[in-house]
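Asks: File data.csv follows (CSV, C-alpha atoms):
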```csv
chain,number,residue,atom,x,y,z
F,1,MET,CA,-0.4,-8.9,7.0
F,2,SER,CA,-3.4,-7.7,5.0
F,3,MET,CA,-2.1,-8.2,1.5
F,4,ILE,CA,1.0,-8.8,-0.6
F,5,MET,CA,0.6,-7.5,-4.2
F,6,VAL,CA,2.5,-9.6,-6.8
F,7,SER,CA,3.3,-7.5,-9.9
F,8,TYR,CA,4.6,-9.2,-13.0
F,9,ARG,CA,4.5,-9.4,-16.8
F,10,ARG,CA,2.1,-12.0,-18.1
F,11,ALA,CA,4.9,-13.5,-20.2
F,12,ASP,CA,6.7,-14.2,-16.9
F,13,GLN,CA,3.7,-15.9,-15.4
F,14,ASP,CA,5.4,-19.2,-14.6
F,15,ALA,CA,8.0,-17.6,-12.4
F,16,ALA,CA,5.4,-15.3,-10.8
F,17,ARG,CA,3.1,-18.3,-10.0
F,18,LEU,CA,6.0,-20.0,-8.3
F,19,ILE,CA,6.6,-17.1,-6.0
F,20,ALA,CA,2.9,-16.4,-5.4
F,21,ASP,CA,2.3,-20.0,-4.4
F,22,TYR,CA,5.1,-19.8,-1.9
F,23,LEU,CA,3.7,-16.6,-0.4
F,24,ILE,CA,0.2,-18.1,-0.3
F,25,THR,CA,1.6,-21.1,1.6
F,26,LYS,CA,3.2,-18.9,4.2
F,27,TYR,CA,0.7,-16.1,4.6
F,28,GLY,CA,-2.6,-17.6,3.3
F,29,GLU,CA,-4.5,-17.2,0.1
F,30,SER,CA,-6.5,-14.1,1.2
F,31,SER,CA,-3.2,-12.3,1.9
F,32,VAL,CA,-1.7,-12.5,-1.6
F,33,PHE,CA,-3.1,-10.6,-4.6
F,34,PHE,CA,-2.1,-12.4,-7.8
F,35,ASP,CA,-4.2,-10.9,-10.5
F,36,VAL,CA,-4.8,-14.1,-12.5
F,37,ASP,CA,-6.7,-15.5,-9.5
F,38,SER,CA,-7.8,-12.3,-7.8
F,39,ILE,CA,-9.8,-10.4,-10.4
F,40,PRO,CA,-13.4,-11.7,-10.8
F,41,THR,CA,-14.7,-12.1,-14.4
F,42,GLY,CA,-16.3,-8.9,-15.6
F,43,MET,CA,-14.5,-6.6,-13.1
F,44,ASN,CA,-12.6,-3.5,-14.4
F,45,PHE,CA,-8.9,-4.5,-14.4
F,46,HIS,CA,-7.5,-1.0,-13.6
F,47,ASP,CA,-10.0,-0.3,-10.8
F,48,ARG,CA,-9.2,-3.7,-9.2
F,49,ILE,CA,-5.5,-3.1,-9.4
F,50,SER,CA,-5.8,0.4,-8.0
F,51,ASN,CA,-7.8,-0.9,-5.0
F,52,ALA,CA,-5.4,-3.8,-4.4
F,53,ILE,CA,-2.3,-1.6,-4.3
F,54,SER,CA,-4.1,1.0,-2.1
F,55,ALA,CA,-5.0,-1.7,0.4
F,56,CYS,CA,-1.8,-3.8,0.3
F,57,ASP,CA,1.2,-3.7,2.7
F,58,VAL,CA,3.9,-4.5,0.2
F,59,VAL,CA,4.4,-4.9,-3.5
F,60,VAL,CA,6.6,-7.7,-4.9
F,61,ALA,CA,7.7,-6.7,-8.3
F,62,ILE,CA,8.9,-9.7,-10.4
F,63,ILE,CA,11.4,-8.7,-13.0
F,64,GLY,CA,11.7,-11.5,-15.5
F,65,PRO,CA,13.1,-11.8,-19.0
F,66,HIS,CA,10.0,-10.2,-20.5
F,67,TRP,CA,9.5,-7.4,-17.9
F,68,ILE,CA,10.7,-4.6,-20.0
F,69,GLY,CA,8.5,-5.9,-22.8
F,70,LYS,CA,10.7,-5.1,-25.8
F,71,LEU,CA,9.4,-7.0,-28.9
F,72,GLU,CA,11.7,-8.2,-31.5
F,73,GLY,CA,12.2,-5.7,-34.3
F,74,GLU,CA,10.7,-2.9,-32.4
F,75,LEU,CA,12.5,0.0,-30.8
F,76,ALA,CA,9.9,1.0,-28.2
F,77,THR,CA,9.3,-1.1,-25.1
F,78,ARG,CA,5.9,-1.9,-23.4
F,79,LEU,CA,7.2,0.0,-20.4
F,80,ALA,CA,7.4,3.1,-22.5
F,81,ASN,CA,3.6,3.2,-22.8
F,82,PRO,CA,2.1,5.1,-19.8
F,83,ALA,CA,-0.9,2.8,-20.0
F,84,ASP,CA,1.2,-0.4,-19.7
F,85,SER,CA,-0.2,-2.4,-16.8
F,86,VAL,CA,3.2,-3.3,-15.2
F,87,ARG,CA,4.2,0.4,-15.4
F,88,VAL,CA,0.9,1.5,-13.9
F,89,GLU,CA,1.3,-0.9,-11.0
F,90,ILE,CA,4.8,0.2,-10.1
F,91,GLU,CA,3.9,3.9,-10.5
F,92,MET,CA,0.9,3.4,-8.3
F,93,ALA,CA,2.8,1.6,-5.7
F,94,GLN,CA,5.3,4.5,-5.5
F,95,LYS,CA,2.4,7.1,-5.4
F,96,PHE,CA,0.8,5.2,-2.4
F,97,ARG,CA,4.3,5.0,-0.8
F,98,LYS,CA,4.2,1.2,-0.7
F,99,PRO,CA,7.4,-0.8,0.1
F,100,ILE,CA,8.5,-2.3,-3.2
F,101,PHE,CA,10.5,-5.6,-3.3
F,102,PRO,CA,12.1,-6.0,-6.8
F,103,ILE,CA,12.8,-9.6,-7.6
F,104,LEU,CA,15.3,-10.5,-10.3
F,105,MET,CA,14.4,-14.0,-11.5
F,106,ASN,CA,16.7,-16.7,-12.8
F,107,GLY,CA,19.8,-14.6,-13.5
F,108,ILE,CA,18.1,-11.5,-14.9
F,109,THR,CA,19.9,-8.3,-14.1
F,110,MET,CA,18.4,-4.9,-13.1
F,111,PRO,CA,17.6,-2.9,-16.3
F,112,GLN,CA,19.8,0.0,-17.1
F,113,ARG,CA,18.4,3.4,-16.1
F,114,SER,CA,18.4,4.4,-19.7
F,115,ASP,CA,16.1,1.4,-20.5
F,116,LEU,CA,13.4,2.6,-18.2
F,117,PRO,CA,10.9,5.5,-18.5
F,118,GLU,CA,11.8,8.3,-16.1
F,119,GLU,CA,8.9,7.4,-13.8
F,120,LEU,CA,10.4,4.0,-13.1
F,121,ARG,CA,14.1,4.9,-12.9
F,122,PHE,CA,14.0,5.0,-9.1
F,123,LEU,CA,13.9,1.1,-9.2
F,124,VAL,CA,17.6,1.1,-10.3
F,125,ASP,CA,18.6,2.4,-6.8
F,126,TYR,CA,17.0,-0.6,-5.1
F,127,ASN,CA,19.1,-3.5,-4.0
F,128,ALA,CA,16.9,-6.2,-5.6
F,129,ALA,CA,16.6,-9.8,-4.4
F,130,ARG,CA,17.9,-12.5,-6.8
F,131,ILE,CA,15.8,-15.6,-6.8
F,132,ASP,CA,16.3,-18.7,-8.9
F,133,SER,CA,13.6,-21.3,-9.5
F,134,GLY,CA,16.1,-24.1,-8.9
F,135,GLN,CA,17.3,-25.9,-5.8
F,136,ASP,CA,18.0,-22.6,-3.9
F,137,PHE,CA,14.5,-21.3,-4.4
F,138,ARG,CA,13.2,-22.0,-0.9
F,139,TYR,CA,16.4,-20.4,0.7
F,140,HIS,CA,16.0,-17.2,-1.3
F,141,MET,CA,12.3,-17.1,-0.6
F,142,SER,CA,12.8,-17.4,3.1
F,143,LYS,CA,15.1,-14.4,3.0
F,144,LEU,CA,12.4,-12.5,1.0
F,145,THR,CA,9.7,-13.3,3.5
F,146,SER,CA,11.9,-12.4,6.4
F,147,ALA,CA,12.4,-8.9,4.9
F,148,ILE,CA,8.6,-8.7,4.3
F,149,ASP,CA,8.0,-9.6,7.9
F,150,LYS,CA,10.4,-7.0,9.2
F,151,ILE,CA,8.8,-4.2,7.2
F,152,SER,CA,5.3,-5.3,8.0
F,153,SER,CA,5.9,-5.4,11.8
F,154,PRO,CA,4.3,-2.3,13.4
F,155,ALA,CA,6.6,-2.7,16.4
F,156,THR,CA,9.8,-2.3,14.5
F,157,GLY,CA,9.0,-1.1,10.9
F,158,TRP,CA,9.5,2.7,11.3
F,159,LEU,CA,12.2,2.5,13.9
F,160,LEU,CA,14.5,0.3,11.7
F,161,ALA,CA,13.6,2.0,8.4
F,162,PRO,CA,16.6,4.4,8.3
F,163,PHE,CA,19.0,1.6,8.9
F,164,ARG,CA,17.9,-0.9,6.2
F,165,ARG,CA,20.1,-1.3,3.1
F,166,PHE,CA,18.1,-3.7,1.1
F,167,TRP,CA,14.5,-2.6,1.0
F,168,MET,CA,12.5,0.6,0.9
F,169,ALA,CA,10.8,0.7,4.3
F,170,GLY,CA,7.1,1.6,4.9
F,171,VAL,CA,5.0,1.9,8.0
F,172,GLY,CA,1.9,-0.2,8.6
F,173,VAL,CA,-1.3,1.8,8.4
F,174,ALA,CA,-2.7,0.0,11.4
F,175,ALA,CA,0.1,1.4,13.5
F,176,ALA,CA,-0.1,5.0,12.3
F,177,ALA,CA,-2.2,6.3,15.2
F,178,GLY,CA,-0.1,4.6,17.7
F,179,ILE,CA,3.1,5.9,16.1
F,180,ALA,CA,1.6,9.4,16.2
F,181,ALA,CA,0.9,9.1,19.9
F,182,LEU,CA,4.5,7.9,20.5
F,183,MET,CA,5.8,10.9,18.5
F,184,TRP,CA,3.6,13.2,20.6
F,185,SER,CA,5.1,11.9,23.8
F,186,ALA,CA,8.6,12.0,22.4
F,187,GLY,CA,8.3,15.8,22.1
F,188,PRO,CA,11.3,17.9,21.0
F,189,ILE,CA,13.5,15.0,19.9
F,190,VAL,CA,11.8,15.0,16.5
F,191,GLU,CA,11.3,18.7,16.1
F,192,TRP,CA,14.3,19.6,13.9
F,193,PRO,CA,14.1,22.9,11.8
F,194,LEU,CA,11.6,22.7,9.0
F,195,LYS,CA,11.9,24.2,5.5
F,196,LYS,CA,9.6,27.1,4.5
F,197,ALA,CA,7.0,24.9,2.8
F,198,ALA,CA,7.1,22.2,5.5
F,199,ALA,CA,6.6,24.8,8.2
F,200,THR,CA,3.1,25.4,7.0
F,201,ALA,CA,2.0,21.8,7.9
F,202,ASP,CA,0.5,21.3,11.3
F,203,VAL,CA,3.3,19.3,13.0
F,204,THR,CA,2.5,20.6,16.4
F,205,THR,CA,-0.7,22.2,17.8
F,206,VAL,CA,-0.1,22.1,21.5
F,207,GLY,CA,-3.1,23.6,23.3
F,208,ASN,CA,-5.0,23.9,20.1
F,209,VAL,CA,-6.6,20.5,19.4
F,210,PRO,CA,-9.1,20.8,16.5
F,211,PRO,CA,-12.6,19.3,16.7
F,212,ALA,CA,-13.4,15.8,15.6
F,213,VAL,CA,-13.7,15.4,11.8
F,214,PRO,CA,-17.3,15.0,10.8
F,215,ALA,CA,-18.2,11.6,9.3
F,216,SER,CA,-19.5,13.2,6.1
F,217,VAL,CA,-16.0,14.7,5.4
F,218,THR,CA,-14.3,11.4,6.0
F,219,ALA,CA,-16.9,9.6,3.7
F,220,ARG,CA,-16.2,12.2,1.0
F,221,ALA,CA,-12.5,11.6,1.2
F,222,LYS,CA,-12.9,7.8,1.2
F,223,ALA,CA,-15.0,8.1,-2.0
F,224,GLN,CA,-12.0,9.8,-3.7
F,225,GLY,CA,-9.3,7.3,-2.6
F,226,GLY,CA,-8.8,9.0,0.8
F,227,PHE,CA,-8.2,12.6,-0.4
F,228,LEU,CA,-10.3,15.7,-0.4
F,229,PHE,CA,-8.2,16.8,-3.4
F,230,PRO,CA,-6.8,13.7,-5.0
F,231,ASP,CA,-5.0,15.8,-7.7
F,232,SER,CA,-3.4,18.5,-5.4
F,233,ASP,CA,0.0,17.0,-6.2
F,234,HIS,CA,-0.3,17.7,-9.9
F,235,ARG,CA,-2.9,20.5,-10.4
F,236,TYR,CA,-3.0,24.1,-9.1
F,237,LEU,CA,-6.0,24.6,-6.9
F,238,GLY,CA,-8.2,27.8,-7.0
F,239,GLU,CA,-10.9,29.5,-5.1
F,240,ALA,CA,-13.6,27.7,-7.1
F,241,ASP,CA,-12.3,24.4,-5.6
F,242,PHE,CA,-12.9,25.6,-2.0
F,243,ALA,CA,-16.5,26.8,-2.4
F,244,GLY,CA,-18.6,25.7,0.6
F,245,MET,CA,-15.6,24.1,2.5
F,246,SER,CA,-15.2,24.7,6.2
F,247,LYS,CA,-12.0,25.9,7.8
F,248,LEU,CA,-11.5,22.3,9.2
F,249,GLU,CA,-11.9,20.8,5.7
F,250,LEU,CA,-9.4,23.4,4.3
F,251,ARG,CA,-7.0,22.5,7.1
F,252,LEU,CA,-7.3,18.8,6.3
F,253,ALA,CA,-6.9,19.4,2.5
F,254,ARG,CA,-3.7,21.5,3.3
F,255,ASN,CA,-2.2,18.8,5.5
F,256,GLU,CA,-3.1,15.9,3.2
F,257,ILE,CA,-0.5,17.4,0.8
F,258,PHE,CA,2.2,16.6,3.4
F,259,ALA,CA,0.5,13.4,4.6
F,260,ARG,CA,0.8,12.1,1.0
F,261,HIS,CA,4.6,12.3,1.4
F,262,GLY,CA,4.6,10.5,4.8
F,263,ARG,CA,4.5,13.4,7.3
F,264,PHE,CA,4.2,12.6,11.0
F,265,PHE,CA,1.6,14.6,12.8
F,266,LYS,CA,1.8,15.2,16.5
F,267,ASP,CA,-1.7,16.7,16.4
F,268,GLN,CA,-3.8,13.7,17.4
F,269,THR,CA,-6.9,14.6,15.3
F,270,LEU,CA,-4.8,14.8,12.1
F,271,ALA,CA,-2.9,11.6,12.9
F,272,ASN,CA,-6.2,9.7,13.6
F,273,TYR,CA,-7.8,11.1,10.5
F,274,PHE,CA,-5.1,10.3,8.0
F,275,SER,CA,-4.4,6.8,9.6
F,276,GLN,CA,-7.8,5.7,8.3
F,277,PHE,CA,-6.5,5.7,4.7
F,278,PRO,CA,-4.3,2.9,3.4
F,279,TRP,CA,-2.1,5.3,1.4
F,280,TYR,CA,-0.9,7.1,4.6
F,281,GLN,CA,2.4,5.8,5.8
F,282,PRO,CA,4.2,8.2,8.1
F,283,SER,CA,7.9,8.2,7.9
F,284,ALA,CA,9.4,11.6,8.7
F,285,VAL,CA,8.7,15.0,10.3
F,286,GLU,CA,10.2,16.9,7.4
F,287,VAL,CA,9.1,15.8,3.9
F,288,PRO,CA,9.8,17.4,0.5
F,289,VAL,CA,7.0,18.9,-1.6
F,290,SER,CA,7.0,20.2,-5.1
F,291,GLN,CA,6.8,23.8,-6.1
F,292,LEU,CA,3.2,23.2,-7.3
F,293,GLU,CA,2.3,21.6,-3.9
F,294,GLU,CA,3.9,24.4,-2.0
F,295,THR,CA,1.7,26.9,-4.0
F,296,ASN,CA,-1.4,24.8,-3.2
F,297,VAL,CA,-0.4,24.8,0.5
F,298,ASP,CA,-0.2,28.6,0.5
F,299,THR,CA,-3.5,28.9,-1.4
F,300,LEU,CA,-5.3,26.7,1.1
F,301,MET,CA,-3.8,28.5,4.0
F,302,ALA,CA,-5.0,31.8,2.6
F,303,ALA,CA,-8.5,30.4,2.2
F,304,GLU,CA,-8.4,29.2,5.8
F,305,ARG,CA,-7.6,32.7,7.1
F,306,LYS,CA,-10.6,34.4,5.3
```
How does this structure look as structure tokens?

Replies:
Amino acid sequence: MSMIMVSYRRADQDAARLIADYLITKYGESSVFFDVDSIPTGMNFHDRISNAISACDVVVAIIGPHWIGKLEGELATRLANPADSVRVEIEMAQKFRKPIFPILMNGITMPQRSDLPEELRFLVDYNAARIDSGQDFRYHMSKLTSAIDKISSPATGWLLAPFRRFWMAGVGVAAAAGIAALMWSAGPIVEWPLKKAAATADVTTVGNVPPAVPASVTARAKAQGGFLFPDSDHRYLGEADFAGMSKLELRLARNEIFARHGRFFKDQTLANYFSQFPWYQPSAVEVPVSQLEETNVDTLMAAERK
């Protein structure tokens, strides 16, 4: 366990502190990111939160009475603001495909879909844990940590993911290379038909193993959060973006579009390359991409063929 991120509204800090202290007791202080204690004075808040979520294994989202952030006499909620810190944390956790554990504190119910901005409505589909700070607190927390342990286990995480009802499963980054090797040896059992866009990702390259990725390419990606094109999921790429890029770099940029969504790669070089980045959590052979991303895949492939 490298880190548990505790997301909460400052007005619900007492409940959040109670949960964070329990997690620290079980996993150790260095394994729990609780922003009141974890952000040094003078450090940029948003940069620190982004780095924490990128590096964490799971996000515990505490939904207390003030989570929506609706002030008396006002129609708009704090969550309606795209810059709201709680909203940013949850959106970022989803972007990095982190397992999210919603916690309903002290009788609070899950907000209605209509009460949430569109970007957060996916939370309504989660079967959230209910935790009270009273006499049953330790019992409920033991169930929570048991669920965290199961998802964080590289030996069972991805195998059990399709069968879990209660939590969105993720795959530990440290196990990604090993999982890719297992998928390689498994062969045809995971090669079901792919959609048109998915078929342009390098799922298999038997007999065509690409060269090792140069350290300079990896360093450039790491400087941009682990992506050669961090915005390829929401911006159309053009020829000017590819100036000076090698065919290998173009291939990595094309496949990182699929890796962002959790694509398994049987090609060992691709699997090893993407497993370096905390955001990569492989979960399926066939993954959905948007129309914009599909266009970027086609554009990158065309540039590779020149």

Asks: For segment 31-35 of chain F, list every protein, DNA or RNA residue within 6 Å, evaluated using all atoms listed in the file, and leave out those in the same chain fewer than 5 positions away; present the list as an NGL selection string.

Replies: :F and (2-6)

Asks: With distances taken over all atoms listed in the file, which residue among F:Val289, F:Leu252, F:Leu144, F:Ile49 lies nearest Met92 of chain F?

Replies: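 Selected residue with least distance to Met92 of chain F: F:Ile49.
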
Asks: Here is a test: counting all atoms listed in the file, which residue of F:Asn296, F:Gln276, F:Ser114, F:Ser142 is nearest to Gly225 of chain F?

Replies: F:Gln276

Asks: Would you compute the distance between atom CA of Ile19 of chain F and atom CA of Ser283 of chain F? Give it in Å to one decimal.

Replies: 28.9 Å

Asks: Let me make sure I understand: among F:His261, F:Arg87, F:Lys143, F:Arg138, which one has the smallest atom-to-atom distance to Pro117 of chain F if we use only C-alpha atoms?

Replies: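 Counting only C-alpha atoms, the residue closest to Pro117 of chain F is F:Arg87.
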